[in-house]
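Report on one structure; see the data block that follows.
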Amino acid sequence: MGEKADIPVLIAQSGPLTGQRWSLNKSELVIGRGADCDVMINDKVVSRYHARLKHEGGRWVVYDESKNGTHVNGQPATVAQPLQDGDVIAIATAAKLVYVGSDATVPLSLELPPAGRLVLDIPARRVWVHGIEVDPPFSLPQYRLLELLYAHSGQVCPREAVIEAVWPDAQSDGVSEQSIDALVRRLRDRLTETDPDHQYIVTVRGHGFRLDNPSD
């Protein structure tokens, strides 16, 4: 039996997801603003489905499907762009992602930052609170809200951003304030079940919500 093939990874070098990584362990990975994307970047300059990485002919290729552009090493990805180890993919002006040919060769400078008290494994949709994995898992709306706040940790996420992340197919005026508040309350309750000593979700009156995620 041959050795297990190295699995490439994508690592956020800049932007709201800095330090997070995604293993390229399936045939396609979608980057965009849509909540159903594999890599969700909630920024107005990012298209709902901005770029697509596909495994073709034994290599990974990036396709730009956006309005504001995708660049590889500073050059526009106007056609199918094969990726090489260390290539930097710029998603408009919102984020830069580094393609690394193998998880075993990730440079130390790109290792994940120190974990906070709350940790998300975004590709696997798993959540740890103060070292304990949340089980049963969050509902999809709860997880989408938490992922949005986690991606913008410390920043205020307005209600409009919550609607777009949690209910991407709904009109903004079709989701009531009560629905948003009820979802926030349920997510707070789930987090408190695991860690009653800290309030992770802060309501900023008149503005929105932010995540308070201290380091251990």
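Scheme for the structure tokens: letters A, B, ... for chains in order shown; per-chain residue numbers from 1; ligand numbers from 1 in order shown.
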- Query: as JSON, numbers by chain, which residues of region 9-172 of chain A does DSSP assign to strand (DSSP E or B)?
  - Reply: {"A": [9, 10, 11, 12, 13, 14, 21, 22, 23, 28, 29, 30, 31, 32, 39, 40, 51, 52, 53, 54, 55, 56, 59, 60, 61, 62, 63, 64, 70, 71, 72, 75, 76, 81, 82, 88, 89, 90, 91, 95, 96, 97, 98, 99, 100, 116, 118, 119, 120, 121, 126, 127, 128, 129, 132, 133, 157, 158]}
- Task: Give me the residues within 8 Å of region 79-83 of chain A as a count of residues only, counting only C-alpha atoms and dropping any in the same chain fewer than 2 places off.
- Result: 11
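With only C-alpha atoms taken into account, the protein and nucleic acid residues at most 9 Å from Glu147 (chain A) (excluding it and anything under 6 positions from it in its own chain) are Met40, Leu120, Ile122, Arg125 and Ala165 of chain A.
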- Item | helix (DSSP H, G or I) positions in region 21-213 of chain A, given as a ChimeraX atom specification | /A:103-105,108-110,140-151,159-166,172-174,177-194
- Find, counting only C-alpha atoms, the residue in A:Leu118, A:Ile11, A:Val88, A:Ala182 that gets nearest to Val39 (chain A). A:Ile11
- Message: So that I can check the surroundings of Asp38 (chain A), please list as number ranges by chain every protein, DNA and RNA residue that reaches within 10 Å of it, counting only C-alpha atoms and ignoring chain neighbours fewer than 2 positions away.
- Response: A: 22, 28-36, 40-41, 52, 122-124
Export of the given selection (all heavy atoms) as a compact mmCIF listing (two decimals), in the first residue's frame:
```txt
# COMPACT_ATOMS: atom_id res chain seq x y z
N TRP A 22 -7.98 25.71 5.65
CA TRP A 22 -8.96 24.80 5.07
C TRP A 22 -8.19 23.72 4.30
O TRP A 22 -7.42 24.03 3.39
CB TRP A 22 -9.90 25.54 4.12
CG TRP A 22 -10.69 26.62 4.80
CD1 TRP A 22 -11.96 26.51 5.31
CD2 TRP A 22 -10.27 27.96 5.07
NE1 TRP A 22 -12.35 27.69 5.87
CE2 TRP A 22 -11.34 28.61 5.75
CE3 TRP A 22 -9.10 28.68 4.81
CZ2 TRP A 22 -11.27 29.93 6.16
CZ3 TRP A 22 -9.02 30.00 5.23
CH2 TRP A 22 -10.10 30.62 5.90
N GLU A 28 -13.53 20.21 -4.77
CA GLU A 28 -13.81 21.62 -5.04
C GLU A 28 -13.96 22.38 -3.74
O GLU A 28 -14.42 21.85 -2.73
CB GLU A 28 -15.10 21.72 -5.87
CG GLU A 28 -15.49 23.14 -6.27
CD GLU A 28 -16.71 23.14 -7.18
OE1 GLU A 28 -16.57 22.79 -8.37
OE2 GLU A 28 -17.81 23.48 -6.69
N LEU A 29 -13.53 23.66 -3.76
CA LEU A 29 -13.69 24.54 -2.61
C LEU A 29 -14.16 25.89 -3.13
O LEU A 29 -13.58 26.45 -4.06
CB LEU A 29 -12.37 24.68 -1.85
CG LEU A 29 -12.39 25.61 -0.63
CD1 LEU A 29 -11.62 24.97 0.53
CD2 LEU A 29 -11.78 26.96 -0.97
N VAL A 30 -15.24 26.42 -2.54
CA VAL A 30 -15.84 27.67 -3.00
C VAL A 30 -15.56 28.78 -1.99
O VAL A 30 -15.74 28.59 -0.78
CB VAL A 30 -17.36 27.51 -3.21
CG1 VAL A 30 -17.97 28.82 -3.70
CG2 VAL A 30 -17.65 26.38 -4.18
N ILE A 31 -15.13 29.92 -2.50
CA ILE A 31 -14.82 31.10 -1.68
C ILE A 31 -15.82 32.19 -2.03
O ILE A 31 -16.05 32.47 -3.21
CB ILE A 31 -13.40 31.60 -1.95
CG1 ILE A 31 -12.37 30.48 -1.70
CG2 ILE A 31 -13.07 32.82 -1.08
CD1 ILE A 31 -10.99 30.80 -2.25
N GLY A 32 -16.41 32.82 -1.03
CA GLY A 32 -17.34 33.90 -1.33
C GLY A 32 -18.02 34.44 -0.09
O GLY A 32 -17.69 34.06 1.04
N ARG A 33 -18.97 35.32 -0.32
CA ARG A 33 -19.72 35.95 0.77
C ARG A 33 -20.90 35.10 1.22
O ARG A 33 -21.45 35.30 2.30
CB ARG A 33 -20.20 37.34 0.33
CG ARG A 33 -20.57 38.27 1.46
CD ARG A 33 -20.97 39.65 0.96
NE ARG A 33 -22.28 39.62 0.30
CZ ARG A 33 -22.48 39.86 -0.99
NH1 ARG A 33 -21.47 40.16 -1.78
NH2 ARG A 33 -23.69 39.81 -1.51
N GLY A 34 -21.34 34.19 0.38
CA GLY A 34 -22.50 33.37 0.71
C GLY A 34 -22.24 32.47 1.90
O GLY A 34 -21.14 31.93 2.08
N ALA A 35 -23.26 32.31 2.72
CA ALA A 35 -23.12 31.51 3.94
C ALA A 35 -22.88 30.04 3.65
O ALA A 35 -22.42 29.30 4.51
CB ALA A 35 -24.36 31.67 4.82
N ASP A 36 -23.18 29.60 2.42
CA ASP A 36 -22.97 28.19 2.08
C ASP A 36 -21.60 27.95 1.44
O ASP A 36 -21.31 26.83 1.01
CB ASP A 36 -24.07 27.70 1.14
CG ASP A 36 -24.20 28.55 -0.12
OD1 ASP A 36 -23.73 29.71 -0.12
OD2 ASP A 36 -24.78 28.06 -1.11
N MET A 40 -16.12 31.47 3.86
CA MET A 40 -17.05 32.60 3.84
C MET A 40 -16.33 33.87 4.29
O MET A 40 -15.80 33.94 5.41
CB MET A 40 -18.24 32.34 4.75
CG MET A 40 -19.32 33.42 4.64
SD MET A 40 -20.66 33.21 5.83
CE MET A 40 -19.91 33.91 7.31
N ILE A 41 -16.30 34.87 3.40
CA ILE A 41 -15.68 36.16 3.70
C ILE A 41 -16.79 37.21 3.60
O ILE A 41 -17.21 37.58 2.51
CB ILE A 41 -14.53 36.48 2.73
CG1 ILE A 41 -13.49 35.35 2.75
CG2 ILE A 41 -13.88 37.81 3.10
CD1 ILE A 41 -12.41 35.50 1.70
N ARG A 52 -13.48 29.81 -7.19
CA ARG A 52 -13.68 28.36 -7.01
C ARG A 52 -12.35 27.67 -7.26
O ARG A 52 -11.70 27.91 -8.27
CB ARG A 52 -14.73 27.90 -8.02
CG ARG A 52 -15.36 26.56 -7.75
CD ARG A 52 -16.47 26.30 -8.75
NE ARG A 52 -17.53 27.30 -8.66
CZ ARG A 52 -18.62 27.16 -7.93
NH1 ARG A 52 -18.80 26.05 -7.25
NH2 ARG A 52 -19.54 28.11 -7.90
N ILE A 122 -13.81 25.58 11.18
CA ILE A 122 -14.80 25.98 10.19
C ILE A 122 -15.05 24.90 9.13
O ILE A 122 -16.21 24.60 8.82
CB ILE A 122 -14.41 27.33 9.55
CG1 ILE A 122 -14.60 28.44 10.61
CG2 ILE A 122 -15.24 27.63 8.31
CD1 ILE A 122 -14.19 29.80 10.17
N PRO A 123 -14.02 24.26 8.56
CA PRO A 123 -14.31 23.23 7.56
C PRO A 123 -15.18 22.09 8.11
O PRO A 123 -16.03 21.55 7.40
CB PRO A 123 -12.92 22.74 7.14
CG PRO A 123 -12.01 23.87 7.45
CD PRO A 123 -12.57 24.49 8.69
N ALA A 124 -14.96 21.72 9.35
CA ALA A 124 -15.70 20.60 9.95
C ALA A 124 -16.95 21.07 10.69
O ALA A 124 -17.74 20.24 11.14
CB ALA A 124 -14.80 19.83 10.92
```
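Counting only C-alpha atoms, the residue from A:Glu164, A:Glu56, A:Glu65, A:Asp181 that sits nearest to Gly208 (chain A) is A:Asp181.
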- Of the candidates A:Thr194, A:Gln142, A:Ser215, A:Thr203, which shows the shortest atom-to-atom distance to Arg159 (chain A), using only C-alpha atoms? A:Thr203
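From CA of Asp169 (chain A) back to CA of Phe138 (chain A), the distance works out to 20.3 Å.
Nearest to Lys96 (chain A) of all the residues A:Ser47, A:Asn25, A:Asn213, A:Thr70 is A:Thr70, counting only C-alpha atoms.
One finds CA of Gln13 (chain A) at 5.4 Å from CA of Leu97 (chain A).
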